$ cat target26.txt   # compact mmCIF, C-alpha atoms
# COMPACT_ATOMS: atom_id res chain seq x y z
CA MET A 24 96.27 79.85 153.50
CA GLY A 25 94.13 78.03 150.94
CA PHE A 26 94.62 74.63 149.37
CA ALA A 27 96.07 76.04 146.17
CA GLU A 28 98.45 78.26 148.13
CA GLN A 29 99.69 75.29 150.12
CA MET A 30 100.73 73.49 146.99
CA CYS A 31 103.69 73.77 144.65
CA TRP A 32 103.68 72.17 141.22
CA LEU A 33 106.89 70.18 140.94
CA PRO A 34 107.66 66.81 139.30
CA ILE A 35 108.45 64.18 141.93
CA PRO A 36 110.31 61.05 140.78
CA THR A 37 108.99 57.80 142.24
CA ALA A 38 109.71 54.14 141.77
CA GLY A 39 106.97 53.95 139.16
CA GLY A 40 108.06 57.07 137.26
CA ILE A 41 107.09 60.69 137.65
CA SER A 42 104.18 61.20 139.99
CA PRO A 43 101.64 64.01 139.55
CA PRO A 44 103.61 67.27 140.09
CA PHE A 45 101.76 68.18 143.25
CA VAL A 46 103.51 68.62 146.60
CA PRO A 47 102.94 70.80 149.66
CA ARG A 48 104.66 74.17 149.25
CA ALA A 49 106.32 73.82 152.66
CA PHE A 50 107.87 70.55 151.49
CA ALA A 51 108.96 72.08 148.19
CA GLN A 52 110.64 74.97 149.98
CA ALA A 53 112.48 72.55 152.21
CA ILE A 54 113.62 70.61 149.14
CA SER A 55 114.88 73.78 147.49
CA ALA A 56 116.87 74.72 150.59
CA HIS A 57 118.47 71.28 150.89
CA PRO A 58 122.02 70.93 149.44
CA GLY A 59 121.97 68.90 146.26
CA CYS A 60 118.23 69.44 145.73
CA ARG A 61 118.27 72.71 143.83
CA SER A 62 117.31 71.29 140.42
CA GLU A 63 114.32 69.26 139.30
CA ALA A 64 116.52 66.28 138.59
CA ALA A 65 117.92 66.41 142.11
CA LEU A 66 114.43 66.04 143.55
CA SER A 67 115.06 62.29 143.52
CA CYS A 68 116.40 62.87 147.04
CA TRP A 69 112.70 62.93 148.05
CA GLY A 70 112.36 59.29 147.08
CA ALA A 71 115.73 58.49 148.60
CA GLY A 72 114.35 59.03 152.07
CA LEU A 73 114.82 62.70 152.85
CA GLN A 74 112.63 63.34 155.87
CA LEU A 75 110.76 66.59 155.20
CA THR A 76 107.67 66.11 157.35
CA MET A 77 107.53 68.12 160.52
CA ALA A 78 108.28 66.71 163.91
CA GLY A 79 105.39 64.69 165.14
CA GLU A 80 104.06 64.07 161.61
CA LEU A 81 100.31 64.31 162.21
CA GLU A 82 100.84 66.86 164.98
CA GLY A 83 102.33 69.30 162.47
CA SER A 84 100.05 72.19 161.58
CA LYS A 85 101.43 73.46 158.26
CA PRO A 86 99.76 70.87 155.97
CA LEU A 87 96.51 71.15 157.94
CA SER A 88 95.24 74.16 156.03
CA GLY A 89 95.54 72.18 152.81
CA LEU A 90 93.79 69.22 154.40
CA LEU A 91 90.88 71.37 155.57
CA SER A 92 90.55 72.91 152.12
CA GLY A 93 90.49 69.47 150.53
CA LEU A 94 87.84 68.27 152.98
CA ALA A 95 85.75 71.38 152.33
CA GLN A 96 85.96 70.89 148.58
CA GLU A 97 84.85 67.27 148.94
CA ALA A 98 82.15 67.75 151.60
CA PHE A 99 80.66 71.13 150.75
CA HIS A 100 81.50 71.88 147.12
CA GLY A 101 80.94 68.49 145.50
CA HIS A 102 84.46 67.74 144.28
CA GLN A 103 84.41 63.94 144.33
CA GLY A 104 87.98 63.45 143.08
CA ILE A 105 89.51 64.36 146.44
CA THR A 106 90.14 61.03 148.15
CA GLU A 107 91.76 60.13 151.45
CA GLU A 108 94.71 58.60 149.61
CA LEU A 109 95.23 61.79 147.59
CA LEU A 110 95.19 63.91 150.73
CA ARG A 111 97.51 61.56 152.60
CA SER A 112 100.04 61.19 149.78
CA GLN A 113 100.26 64.89 149.04
CA LEU A 114 100.08 66.34 152.55
CA TYR A 115 101.23 63.57 154.93
CA PRO A 116 103.35 61.23 152.75
CA ASP A 117 105.32 59.79 155.68
CA VAL A 118 102.19 58.75 157.57
CA SER A 119 100.66 55.35 156.95
CA LEU A 120 97.07 55.08 155.77
CA GLU A 121 96.15 53.30 159.01
CA GLU A 122 97.42 56.25 161.06
CA PHE A 123 96.02 58.86 158.71
CA ARG A 124 92.44 57.59 158.59
CA PRO A 125 91.48 58.37 162.22
CA PHE A 126 93.18 61.77 161.95
CA LEU A 127 91.25 62.51 158.76
CA ALA A 128 87.97 61.38 160.35
CA LYS A 129 88.60 63.64 163.34
CA MET A 130 89.28 66.70 161.18
CA ARG A 131 86.30 65.93 158.94
CA GLY A 132 84.06 65.64 162.01
CA ILE A 133 85.31 68.92 163.48
CA LEU A 134 84.85 70.77 160.20
CA LYS A 135 81.33 69.40 159.69
CA SER A 136 80.37 70.29 163.28
CA ILE A 137 81.54 73.87 162.77
CA ALA A 138 79.81 74.18 159.39
CA SER A 139 76.52 72.55 160.39
CA ALA A 140 76.23 74.90 163.40
CA ASP A 141 77.31 77.88 161.27
CA MET A 142 79.44 78.96 164.22
CA ASP A 143 80.24 82.58 164.81
CA PHE A 144 83.72 83.42 166.03
CA ASN A 145 82.85 83.29 169.74
CA GLN A 146 81.21 79.87 169.34
CA LEU A 147 84.18 78.73 167.28
CA GLU A 148 86.67 79.76 169.97
CA ALA A 149 84.71 77.96 172.69
CA PHE A 150 84.32 74.84 170.56
CA LEU A 151 88.01 74.65 169.63
CA THR A 152 89.10 75.31 173.21
CA ALA A 153 86.99 72.36 174.32
CA GLN A 154 88.55 70.21 171.60
CA THR A 155 92.06 71.00 172.85
CA LYS A 156 91.14 69.90 176.38
CA LYS A 157 89.46 66.60 175.55
CA GLN A 158 91.41 63.35 175.41
CA GLY A 159 92.37 62.52 171.84
CA GLY A 160 91.43 66.04 170.75
CA ILE A 161 93.54 68.57 168.89
CA THR A 162 96.60 70.67 169.69
CA CYS A 163 96.54 74.42 170.18
CA ASP A 164 98.44 74.88 166.90
CA GLN A 165 95.83 72.82 165.06
CA ALA A 166 93.04 74.83 166.69
CA ALA A 167 94.66 78.04 165.44
CA VAL A 168 94.83 76.68 161.88
CA ILE A 169 91.19 75.55 161.99
CA SER A 170 90.10 78.93 163.34
CA LYS A 171 91.95 80.81 160.60
CA PHE A 172 90.52 78.49 157.93
CA TRP A 173 86.91 78.93 159.11
CA LYS A 174 87.22 82.70 159.30
CA SER A 175 88.43 82.74 155.68
CA HIS A 176 85.97 80.18 154.24
CA LYS A 177 82.83 80.55 156.39
CA THR A 178 80.90 82.61 153.85
CA LYS A 179 81.53 80.36 150.84
CA ILE A 180 80.81 77.17 152.78
CA ARG A 181 77.58 78.64 154.14
CA GLU A 182 76.45 79.66 150.64
CA SER A 183 77.24 76.20 149.30
CA LEU A 184 75.28 74.47 152.08
CA MET A 185 72.29 76.76 151.52
CA ASN A 186 72.29 75.97 147.79
CA GLN A 187 72.46 72.24 148.50
CA SER A 188 69.58 72.40 150.98
CA ARG A 189 67.24 74.26 148.64
CA TRP A 190 64.50 71.87 147.47
CA ASP A 191 62.84 74.03 144.86
CA SER A 192 64.09 76.40 142.22
CA GLY A 193 65.20 79.84 143.33
CA LEU A 194 64.70 83.21 141.66
CA ARG A 195 67.86 84.24 139.83
CA GLY A 196 66.61 87.31 138.04
CA LEU A 197 63.61 89.41 137.11
CA SER A 198 62.97 91.74 134.17
CA TRP A 199 59.86 93.61 133.03
CA ARG A 200 58.48 95.95 130.41
CA VAL A 201 55.14 97.59 129.56
CA ASP A 202 53.60 96.89 126.14
CA GLY A 203 50.35 97.71 124.41
CA LYS A 204 47.99 94.72 124.13
CA SER A 205 47.76 93.80 120.43
CA GLN A 206 45.28 90.92 120.56
CA SER A 207 42.14 90.36 122.61
CA ARG A 208 38.73 88.74 122.33
CA HIS A 209 37.33 92.15 123.24
CA SER A 210 38.16 95.05 120.93
CA ALA A 211 37.99 97.55 123.79
CA GLN A 212 41.05 95.92 125.39
CA ILE A 213 43.28 96.25 122.30
CA HIS A 214 46.17 98.72 122.77
CA THR A 215 45.60 98.90 126.54
CA PRO A 216 48.91 98.79 128.49
CA VAL A 217 49.99 95.45 130.00
CA ALA A 218 53.05 94.56 132.09
CA ILE A 219 55.24 91.75 130.77
CA MET A 220 57.34 90.15 133.51
CA GLU A 221 60.06 87.55 132.89
CA LEU A 222 61.32 85.44 135.81
CA GLU A 223 64.63 83.59 135.64
CA ILE A 224 64.48 80.55 137.91
CA GLY A 225 66.73 77.54 138.49
CA LYS A 226 68.42 75.18 140.91
CA SER A 227 72.06 75.21 141.89
CA GLY A 228 74.23 73.58 139.24
CA GLN A 229 71.44 73.61 136.64
CA GLU A 230 70.67 75.90 133.74
CA SER A 231 68.09 78.63 134.19
CA GLU A 232 64.49 78.40 133.07
CA PHE A 233 62.42 81.43 132.12
CA LEU A 234 58.77 82.09 132.96
CA CYS A 235 56.94 84.92 131.17
CA LEU A 236 53.85 86.47 132.78
CA GLU A 237 51.42 89.11 131.54
CA PHE A 238 49.52 91.45 133.88
CA ASP A 239 46.88 94.05 133.16
CA GLU A 240 46.29 96.92 135.57
CA VAL A 241 43.89 94.92 137.76
CA LYS A 242 46.30 92.00 138.13
CA VAL A 243 49.23 94.31 138.85
CA ASN A 244 47.25 95.87 141.71
CA GLN A 245 46.39 92.41 143.05
CA VAL A 246 50.05 91.38 143.01
CA LEU A 247 51.13 94.61 144.72
CA LYS A 248 48.54 94.07 147.44
CA LYS A 249 49.80 90.54 148.10
CA LEU A 250 53.41 91.74 148.19
CA SER A 251 52.43 94.42 150.71
CA GLU A 252 50.92 91.73 152.91
CA VAL A 253 54.11 89.67 152.65
CA GLU A 254 56.21 92.74 153.56
CA GLU A 255 54.04 93.47 156.60
CA THR A 256 54.29 89.87 157.80
CA ILE A 257 58.08 89.84 157.46
CA SER A 258 58.36 93.19 159.29
CA THR A 259 56.22 91.83 162.13
CA LEU A 260 58.39 88.71 162.47
CA MET A 261 61.59 90.78 162.43
CA GLN A 262 60.48 92.93 165.36
CA PRO A 263 62.14 91.99 168.68
CA ALA A 264 59.93 90.06 171.08
$ encode --input "target26.txt" --output "structure tokens"
Amino acid sequence: MGFAEQMCWLPIPTAGGISPPFVPRAFAQAISAHPGCRSEAALSCWGAGLQLTMAGELEGSKPLSGLLSGLAQEAFHGHQGITEELLRSQLYPDVSLEEFRPFLAKMRGILKSIASADMDFNQLEAFLTAQTKKQGGITCDQAAVISKFWKSHKTKIRESLMNQSRWDSGLRGLSWRVDGKSQSRHSAQIHTPVAIMELEIGKSGQESEFLCLEFDEVKVNQVLKKLSEVEETISTLMQPA
């Protein structure tokens, strides 16, 4: 379940007024089921001390999917507005910041280890099993949530990391056409066919730039020869040892 799916937009009264209408869906469902809490106005029972966190607070697994999504958005997708206080207040409101910080650091470390190794599902299972057995590690329920999250988000996180690690511009698109040459220092070359190639290049998060190239028949053949050499080299490297 993703971060957005974990959340329910409801106004929550606090001592300072109405807080941002953003609470875990599991908490909102529990509020709705509680006698006297079936209207928005009655949600003041939240601030009155209704205990809606799961037994064991940090050991509970339901808010963990939302926490992992928040960490992924902050670490891999560049969303800087996701802070530890935001995550704590919305997902673990009954846990103090002092208790929450080491838990957050542990989950951030686990997620980064999985992402940096680009773990496949067998590696993931072995890694999470080891984490459940180590002192101060994670519970089996938490391991199951982490596994489900990685299986759902692996592709997008991998793409984001690849874009961030690219130093130079990448090729986004290519278009071409063949025209007749209209100007030349040599009259014999006028009206001879030339290939016009337009390359769309750019870096992640930046607008595209366009590079226009012109090739006559000789240059086209030279480019094709070089591309054939590149193809042969790649094919050789892809062959099993």
$ closest_residue --input "target26.txt" --among "A:Leu236, A:Leu194, A:Leu151, A:Val201" --to "Leu134 of chain A" --atoms "all atoms listed in the file"
A:Leu151
$ atom_distance --input "target26.txt" --atom1 "atom CA of Leu222 of chain A" --atom2 "atom CA of Phe238 of chain A"
13.4 Å
$ closest_residue --input "target26.txt" --among "A:Asn244, A:Met220, A:Ile257, A:Gln154" --to "Trp199 of chain A" --atoms "all atoms listed in the file"
A:Met220
$ atom_distance --input "target26.txt" --atom1 "atom CA of Gly93 of chain A" --atom2 "atom CA of Ala153 of chain A"
24.2 Å
$ residues_around --input "target26.txt" --residues "Leu87 of chain A" --least-positions-apart "5" --cutoff "9 Å" --atoms "all atoms listed in the file" --output "PDB file with C-alpha atoms, keeping the file's coordinate frame"
ATOM      1  CA  LEU A  81     100.310  64.310 162.210  1.00  0.00           C
ATOM      2  CA  SER A  92      90.550  72.910 152.120  1.00  0.00           C
ATOM      3  CA  LEU A 114     100.080  66.340 152.550  1.00  0.00           C
ATOM      4  CA  GLN A 165      95.830  72.820 165.060  1.00  0.00           C
ATOM      5  CA  VAL A 168      94.830  76.680 161.880  1.00  0.00           C
ATOM      6  CA  ILE A 169      91.190  75.550 161.990  1.00  0.00           C
TER       7      ILE A 169
END
$ closest_residue --input "target26.txt" --among "A:Gln96, A:Ser175, A:Ser198, A:Gln158" --to "Ile219 of chain A" --atoms "all atoms listed in the file"
A:Ser198
$ atom_distance --input "target26.txt" --atom1 "atom CA of Lys226 of chain A" --atom2 "atom CA of Ser192 of chain A"
4.7 Å
$ closest_residue --input "target26.txt" --among "A:Gln245, A:Ser112, A:Ser170, A:Thr259" --to "Ser88 of chain A" --atoms "all atoms listed in the file"
A:Ser170
